[in-house]
Amino acid sequence: MKHVLYLLSALFLFQATACFGEQPDPTGKEAPAIKAVNQEAQMVDFSELYKKGKVLVYFYPKANTPGCTAQSCSLRDAYAELTEKGVIVLGVSTDSPEDQKTFQKDHNLPFDLIADEDEKVTKAFGVPTKMGFAKRQAFLIVDGKIAWFDGSASTKEQAADVLAQLEKLQ
């Protein structure tokens with residue numbers, strides 16, 4: 001039964017993320033200076049993180065679903081290389097702090113997961129939502145500006161895509 005629910009969730013999320021439409025490319029614009037809670041219900045100040053280095057803010061529709069797990073685990077597996085290159089990773093979905101914490105623990109994710117239940121972060125970044133689910137996207141922020149935007153972020157290749165962009169930016 002659990003596998004059937006995962007399959008139905010994955011199918012629903014695929015349909016939901018496939019229907020968002022196009023949006024303007026925000027590359028070159030100031031990154032949103034916003035605060036939101038993480039998986040520990042602690043406030044995270046994005047603008048303070050921007051001052052510390054490059055920040056990857058990636059959005060996913062739902063914690064602990066197949067595509068979102070693949071996307072997050074690709075970043076987990078490349079985390080050492082990303083941090084070597086000065087990248088701070090933040091995952092964002094509209095899940096609760098409790099769901100984000102479970103997701104983080106279940107998959108040993110070494111970075112913060114933002115619980116954007118009120119969709120404040122998704123709106124600030126201009127990420128489309130449908131039925132409460134954020135579209136899968138990624139933003140690389142350098143010096144407080146969006147240096148790269150991935151409007152239809154990959155699941156299994158998210159880390160490779162980010163690393164390729166980091167090479168282009170150097």
# chains A, B, ... in the order shown; residues from 1 in each chain; ligands from 1
>>> residues_around(residues="segment 60-73 of chain A", least_positions_apart="5", cutoff="10 Å", atoms="only C-alpha atoms", output="ChimeraX atom specification")
/A:5-7,9-10,13-14,16-17,78-79,90-96,99-104,106-111,113,129-130,132-138,153-159
>>> residues_around(residues="segment 50-53 of chain A", least_positions_apart="6", cutoff="8 Å", atoms="only C-alpha atoms", output="count of residues only")
7
>>> closest_residue(among="A:Glu48, A:Phe125, A:Gln42, A:Met131", to="Thr27 of chain A", atoms="only C-alpha atoms")
A:Phe125
>>> residues_around(residues="Leu140 of chain A", least_positions_apart="3", cutoff="6 Å", atoms="only C-alpha atoms", output="number ranges by chain")
A: 55-56, 146-148
>>> residues_around(residues="Asp45 of chain A", least_positions_apart="2", cutoff="10 Å", atoms="only C-alpha atoms", output="number ranges by chain")
A: 33-37, 42-43, 47-50
>>> select_by_dssp(residues="segment 6-131 of chain A", states="strand (DSSP E or B)", output="number ranges by chain")
A: 30, 35-38, 43-45, 54-59, 87-93, 112-115, 129-130
>>> atom_distance(atom1="atom CA of Lys120 of chain A", atom2="atom CA of Pro32 of chain A")
10.5 Å
>>> decode(residues="segment 115-131 of chain A", atoms="N, CA and C atoms", output="mmCIF file, in the first residue's frame")
data_model
loop_
_atom_site.group_PDB
_atom_site.id
_atom_site.type_symbol
_atom_site.label_atom_id
_atom_site.label_comp_id
_atom_site.auth_asym_id
_atom_site.auth_seq_id
_atom_site.Cartn_x
_atom_site.Cartn_y
_atom_site.Cartn_z
ATOM 1 N N ALA A 115 11.023 25.335 5.870
ATOM 2 C CA ALA A 115 9.610 24.971 5.942
ATOM 3 C C ALA A 115 8.786 26.198 5.539
ATOM 4 N N ASP A 116 8.397 26.254 4.288
ATOM 5 C CA ASP A 116 7.734 27.428 3.729
ATOM 6 C C ASP A 116 6.215 27.226 3.679
ATOM 7 N N GLU A 117 5.642 26.936 4.822
ATOM 8 C CA GLU A 117 4.203 26.631 4.881
ATOM 9 C C GLU A 117 3.334 27.789 4.393
ATOM 10 N N ASP A 118 3.761 29.008 4.615
ATOM 11 C CA ASP A 118 2.970 30.173 4.187
ATOM 12 C C ASP A 118 3.345 30.648 2.776
ATOM 13 N N GLU A 119 4.237 29.939 2.117
ATOM 14 C CA GLU A 119 4.693 30.219 0.747
ATOM 15 C C GLU A 119 5.351 31.591 0.604
ATOM 16 N N LYS A 120 5.845 32.127 1.690
ATOM 17 C CA LYS A 120 6.507 33.436 1.669
ATOM 18 C C LYS A 120 7.812 33.379 0.858
ATOM 19 N N VAL A 121 8.573 32.304 1.024
ATOM 20 C CA VAL A 121 9.848 32.170 0.315
ATOM 21 C C VAL A 121 9.609 31.894 -1.169
ATOM 22 N N THR A 122 8.681 30.992 -1.464
ATOM 23 C CA THR A 122 8.397 30.691 -2.875
ATOM 24 C C THR A 122 7.920 31.944 -3.606
ATOM 25 N N LYS A 123 7.082 32.735 -2.961
ATOM 26 C CA LYS A 123 6.603 33.982 -3.587
ATOM 27 C C LYS A 123 7.743 34.977 -3.761
ATOM 28 N N ALA A 124 8.605 35.101 -2.759
ATOM 29 C CA ALA A 124 9.724 36.050 -2.848
ATOM 30 C C ALA A 124 10.655 35.706 -4.006
ATOM 31 N N PHE A 125 10.851 34.416 -4.262
ATOM 32 C CA PHE A 125 11.717 33.979 -5.364
ATOM 33 C C PHE A 125 10.964 33.893 -6.688
ATOM 34 N N GLY A 126 9.647 34.066 -6.650
ATOM 35 C CA GLY A 126 8.852 33.979 -7.874
ATOM 36 C C GLY A 126 8.634 32.557 -8.347
ATOM 37 N N VAL A 127 8.748 31.599 -7.439
ATOM 38 C CA VAL A 127 8.564 30.191 -7.795
ATOM 39 C C VAL A 127 7.066 29.894 -7.876
ATOM 40 N N PRO A 128 6.621 29.378 -8.999
ATOM 41 C CA PRO A 128 5.200 29.053 -9.116
ATOM 42 C C PRO A 128 4.808 27.925 -8.159
ATOM 43 N N THR A 129 3.582 27.995 -7.691
ATOM 44 C CA THR A 129 3.021 26.911 -6.883
ATOM 45 C C THR A 129 1.696 26.494 -7.500
ATOM 46 N N LYS A 130 1.354 25.265 -7.271
ATOM 47 C CA LYS A 130 0.066 24.754 -7.727
ATOM 48 C C LYS A 130 -0.444 23.813 -6.651
ATOM 49 N N MET A 131 -1.630 24.115 -6.162
ATOM 50 C CA MET A 131 -2.248 23.304 -5.108
ATOM 51 C C MET A 131 -1.324 23.173 -3.891
#
